[in-house]
Amino acid sequence: MPIGLDLANGLRVELAHVTEKTWQKFQNGILELESESFAASIRDTPNSLRGVAYSKTSVFIACYYREKSDVVGYVCGDRLSQFADIPGVAADLRRLATNSFYLSSVAVRASWRGLGIGKDLQQGCIVEAHQKGYTRVTAHVRQGVATKITDRPCVLDSYSNWYGTGEKYDYVSLWRL
Ligand SMILES: CC(C)(COP(=O)(O)OP(=O)(O)OC[C@H]1O[C@@H](n2cnc3c(N)ncnc32)[C@H](O)[C@@H]1OP(=O)(O)O)[C@@H](O)C(=O)NCCC(=O)NCCS
C-alpha cells in the first residue's frame with residue numbers, strides 16, 4: 001500500500017491500515033465521517049465497523065490529513081460470506097466462497113471529494129484484497145459509477161430504491177482473476 005496520496009489541490013494525505021491495534025486512533029474520525037456520509041438506513045453501526053477493523057480477513061484503509069484523528073476518507077470490506085444477508089449477496093452463488101471479497105463501505109469527507117481519494121481508496125482495497133488471496137471483489141455502488149472505479153465491472157443485480165434511500169444501486173463485480 002502506498003503511504004500517501006499527492007492530490008490535485010497540492011495537498012498530501014496519508015494512508016494507514018485500520019486494525020485491532022489502530023482502531024482507537026481512527027474510530028472517532030471514521031464514525032463522524034460515517035454519520036455525515038450515509039442515510040441512517042444504510043449507515044454502518046460503530047460495532048459493525050469495529051468488527052471489520054478487528055477481523056483477520058478484512059481490508060480496512062483510512063486516509064487522513066496530518067493527524068490520525070483527522071480522517072478524510074476510508075474504505076473497508078471483508079469476506080463476502082460475512083455479508084450474506086444483504087440483497088444481491090444473498091443471491092450470489094459465490095457468497096460462501098472463502099476467496100470472494102465484498103467492499104462494504106467507502107466514504108470521503110464532503111470538502112475532500114472530487115480529488116480522486118474515493119477512487120484510489122477503492123482501487124487500493126481491491127489490490128490489498130488480491131494480496132490477501134481473494135480472487136474476486138464485489139460491491140454495491142450507485143448505478144452507473146462502477147466504471148469510474150474499474151475498467152470492466154460486471155453488473156450482477158440492480159435495485160431501484162436501495163434501502164429506502166430513493167437511489168438506484170447496482171450489485172457489481174468490480175474485479176476477478
Ligand atoms: C462516493 C465517494 C466515496 C466518492 O469519493 P470521491 O473522493 O469524491 O471520489 P473521486 O474523487 O475518486 O471521484 C470519482 C468519481 O466517481 C464517483 N464515485 C467513485 N466511487 C463511487 C462510489 N462507490 N459510489 C458512488 N460514486 C462513486 C465519484 O462521485 C466521482 O464522480 P464524478 O466524477 O461524477 O464527480 C464520496 O462521494 C462519498 O463519500 N459519498 C458519500 C458516501 C457514499 O455514497 N459512498 C458510496 C456508496 S457505498
# chains A, B, ... in the order shown; residues from 1 in each chain; ligands from 1

$ residues_near_ligand --ligand "ligand 1" --cutoff "8 Å" --atoms "only C-alpha atoms and all ligand atoms" --output "PyMOL selection string"
chain A and resi 34+37-38+73+104-110+112-122+139-143+145-146+148-149

$ residues_around --residues "Lys168 of chain A" --least-positions-apart "3" --cutoff "8 Å" --atoms "only C-alpha atoms" --output "VMD selection string"
chain A and resid 142 to 143 158 to 162

$ closest_residue --among "A:Ala129, A:Val89, A:Leu103, A:Leu15" --to "Asp157 of chain A" --atoms "only C-alpha atoms"
A:Val89

$ closest_residue --among "A:Trp23, A:Phe60, A:Trp175, A:Tyr54" --to "Arg152 of chain A" --atoms "only C-alpha atoms"
A:Trp175

$ closest_residue --among "A:Asp70, A:Glu14, A:Glu32, A:Asp78" --to "Gly133 of chain A" --atoms "only C-alpha atoms"
A:Asp78

$ atom_distance --atom1 "atom CA of Leu5 of chain A" --atom2 "atom CA of Cys63 of chain A"
8.8 Å

$ closest_residue --among "A:Val172, A:Val71, A:Ala91, A:Cys125" --to "Val13 of chain A" --atoms "only C-alpha atoms"
A:Val71

$ atom_distance --atom1 "atom CA of Phe26 of chain A" --atom2 "atom CA of Leu80 of chain A"
24.1 Å
